[in-house]
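Peer 1: Quick one: the structure is below, questions incoming.
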Amino acid sequence: MKPLMNLDQVEFDDIEDNGCYTSRRGQISDHIGARKLGYNLTVLPPGKAQCPFHNHHGEEEMFLILEGTGELRFGDQRYPLRAHDVIACPSGGPEVAHQIINTGPSDLRYLALSNVVELEVCEYPDSRKLMAVSGPRGARTLRTMLRADEPVDYYDREDTRDRS
């Protein structure tokens, strides 16, 4: 396996077409032997976002805008984006929630980079959801999506009868 790949060789293997969430992503890291970092090339058509507004509790992400213009939604702020902008999205709560939106007239292309973690919780502040995943990349043993605004008691659905 070669430890390098030119961006013109990236194959788009993750294609979303879900209304405003429409994108093409091409995985890079597995093809060049990365182990502790994950990276991909993302292409957003005009007016689209790759995913809902979210924050990670385990992963830290970095984005490098290659071409096009857009907007970064970050916490309660919005920032214009253009080619060669570098974006830091550290792990944390809703104050670091983020979303990249193509507000320009042509495709927005960017590199996405993150550390690889085996246990991740991702929050979606707009829709009040949580996603929990565990296991190594490519072999997840748990992936579940929950509504954060429907809390349950610790002993919910547990048999609490005394067994002595």
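A note on labels: chains of the structure tokens are A, B, ... as shown, every chain counts residues from 1, and ligands are counted from 1 in their shown order.
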Leaving out region 124-128 of chain A and any residue of its chain fewer than 4 positions from it, which residues lie within 12 Å of it when counting only C-alpha atoms, given as a PyMOL selection string?

Peer 2: chain A and resi 51-57+74-76+93-99+132+145-151

Peer 1: Mind dumping a table of every region 55-120 of chain A residue within 6 Å of region 23-45 of chain A, with the nearest atom pair and its distance in Å to one decimal, using only C-alpha atoms, sorted by chain and rising number, as JSON lines?

Peer 2:
{"residue": "A:Asp107", "atom": "CA", "partner": "A:Pro45", "partner_atom": "CA", "distance": 4.6}
{"residue": "A:Leu108", "atom": "CA", "partner": "A:Leu44", "partner_atom": "CA", "distance": 5.1}
{"residue": "A:Arg109", "atom": "CA", "partner": "A:Val43", "partner_atom": "CA", "distance": 4.5}
{"residue": "A:Tyr110", "atom": "CA", "partner": "A:Thr42", "partner_atom": "CA", "distance": 5.4}
{"residue": "A:Leu111", "atom": "CA", "partner": "A:Leu41", "partner_atom": "CA", "distance": 4.7}
{"residue": "A:Ala112", "atom": "CA", "partner": "A:Tyr39", "partner_atom": "CA", "distance": 5.3}
{"residue": "A:Leu113", "atom": "CA", "partner": "A:Tyr39", "partner_atom": "CA", "distance": 4.3}
{"residue": "A:Ser114", "atom": "CA", "partner": "A:Gly38", "partner_atom": "CA", "distance": 5.3}
{"residue": "A:Asn115", "atom": "CA", "partner": "A:Leu37", "partner_atom": "CA", "distance": 4.5}
{"residue": "A:Val116", "atom": "CA", "partner": "A:Lys36", "partner_atom": "CA", "distance": 5.2}

Peer 1: Please report the interatomic distance between CA of Gln77 (chain A) and CA of Ile100 (chain A) in Å with one decimal.

Peer 2: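 Calculated distance between CA of Gln77 (chain A) and CA of Ile100 (chain A) is 12.2 Å.
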
Peer 1: Taking 4 positions as the minimum chain separation for residues in the same chain, which residues sit within 10 Å of Ala139 (chain A) when counting only C-alpha atoms? Answer as a PyMOL selection string.

Peer 2: chain A and resi 118+134-135

Peer 1: Write the residues you've just listed into a file as a CSV table (one decimal), in the first residue's frame, and include C-alpha atoms for each of them.

Peer 2:
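Writing the result to result_25.csv gives the following:
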chain,number,residue,atom,x,y,z
A,118,GLU,CA,-13.2,3.8,19.6
A,134,SER,CA,-18.0,2.2,19.8
A,135,GLY,CA,-15.5,-0.2,18.3

Peer 1: Can you pull out the residues contacting Asn102 (chain A)? Cut-off 8 Å, using only C-alpha atoms, and skip same-chain residues under 6 positions away; I want them as a list in words.

Peer 2: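 With the cut-off at 8 Å, the set is Leu44, Pro45, Pro46, Gly47, Lys48, Ala49, Gly68, Thr69, Gly70, Glu71 and Leu108 of chain A.
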
Peer 1: Could the residues in this selection be saved with C-alpha atoms as a tab-separated table (two decimals), in the first residue's frame?

Peer 2:
chain	number	residue	atom	x	y	z
A	44	LEU	CA	-20.91	20.07	-1.29
A	45	PRO	CA	-23.15	21.40	-4.09
A	46	PRO	CA	-24.47	24.98	-3.77
A	47	GLY	CA	-27.00	25.41	-0.96
A	48	LYS	CA	-26.16	22.08	0.72
A	49	ALA	CA	-24.55	20.84	3.95
A	68	GLY	CA	-15.53	27.45	-3.17
A	69	THR	CA	-17.21	29.62	-0.58
A	70	GLY	CA	-19.53	28.87	2.26
A	71	GLU	CA	-20.38	29.42	5.86
A	108	LEU	CA	-17.44	23.68	-2.06

Peer 1: So that I can check the surroundings of Ile65 (chain A), please list as a short mmCIF file (atom, residue, chain, number, x, y, z; two decimals) with N, CA and C atoms, in the first residue's frame every protein, DNA and RNA residue that reaches within 6 Å of it, counting only C-alpha atoms and ignoring chain neighbours fewer than 2 positions away.

Peer 2:
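What landed in selection_35.cif:
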data_model
loop_
_atom_site.label_atom_id
_atom_site.label_comp_id
_atom_site.auth_asym_id
_atom_site.auth_seq_id
_atom_site.Cartn_x
_atom_site.Cartn_y
_atom_site.Cartn_z
N GLU A 67 -11.64 24.75 -2.26
CA GLU A 67 -12.21 25.68 -3.24
C GLU A 67 -13.67 25.92 -2.94
N ALA A 83 -11.52 29.57 0.07
CA ALA A 83 -10.38 28.68 -0.17
C ALA A 83 -9.22 28.99 0.77
N HIS A 84 -8.63 27.94 1.28
CA HIS A 84 -7.46 27.93 2.15
C HIS A 84 -7.77 28.26 3.60
N ASP A 85 -9.05 28.40 3.97
CA ASP A 85 -9.38 28.54 5.38
C ASP A 85 -9.16 27.20 6.07
N TYR A 110 -13.62 20.41 0.39
CA TYR A 110 -12.74 20.52 1.54
C TYR A 110 -12.21 19.17 1.99
#

Peer 1: CA of Asp13 (chain A) and CA of Met62 (chain A), how far apart in Å?

Peer 2: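 It comes out at 20.5 Å.
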
Peer 1: How many Å separate CA of Ile87 (chain A) from CA of Leu64 (chain A)?

Peer 2: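 If I compute the distance from CA of Ile87 (chain A) to CA of Leu64 (chain A), I get 6.4 Å.
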
Peer 1: Per DSSP on the backbone, filter region 2-123 of chain A down to the residues in strand (DSSP E) and report them as JSON, numbers by chain.

Peer 2: {"A": [14, 15, 16, 17, 18, 21, 22, 23, 24, 25, 26, 27, 37, 38, 39, 40, 41, 42, 43, 44, 55, 56, 61, 62, 63, 64, 65, 66, 67, 70, 71, 72, 73, 74, 77, 78, 79, 80, 81, 86, 87, 88, 89, 98, 99, 100, 101, 108, 109, 110, 111, 112, 113, 114, 115, 119, 120, 121, 122, 123]}

Peer 1: Using only C-alpha atoms, find the one residue out of A:Asp14, A:Asp8, A:Glu59, A:Glu120 that sits nearest to Pro90 (chain A).

Peer 2: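 Of the candidates, the smallest distance to Pro90 (chain A) is held by A:Glu59.
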
Peer 1: For a quick check of understanding, using only C-alpha atoms, which of A:Leu130, A:Leu72, A:Tyr155, A:Ile15 has the smallest distance to Arg143 (chain A)?

Peer 2: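 Among the listed residues, the smallest separation from Arg143 (chain A) belongs to A:Leu130.
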
Peer 1: Measuring between only C-alpha atoms, which one of A:Leu7, A:Arg140, A:Tyr21, A:Asp159 shows the shortest distance to Leu66 (chain A)?

Peer 2: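 Answer, going by the shortest atom-to-atom distance: A:Leu7.
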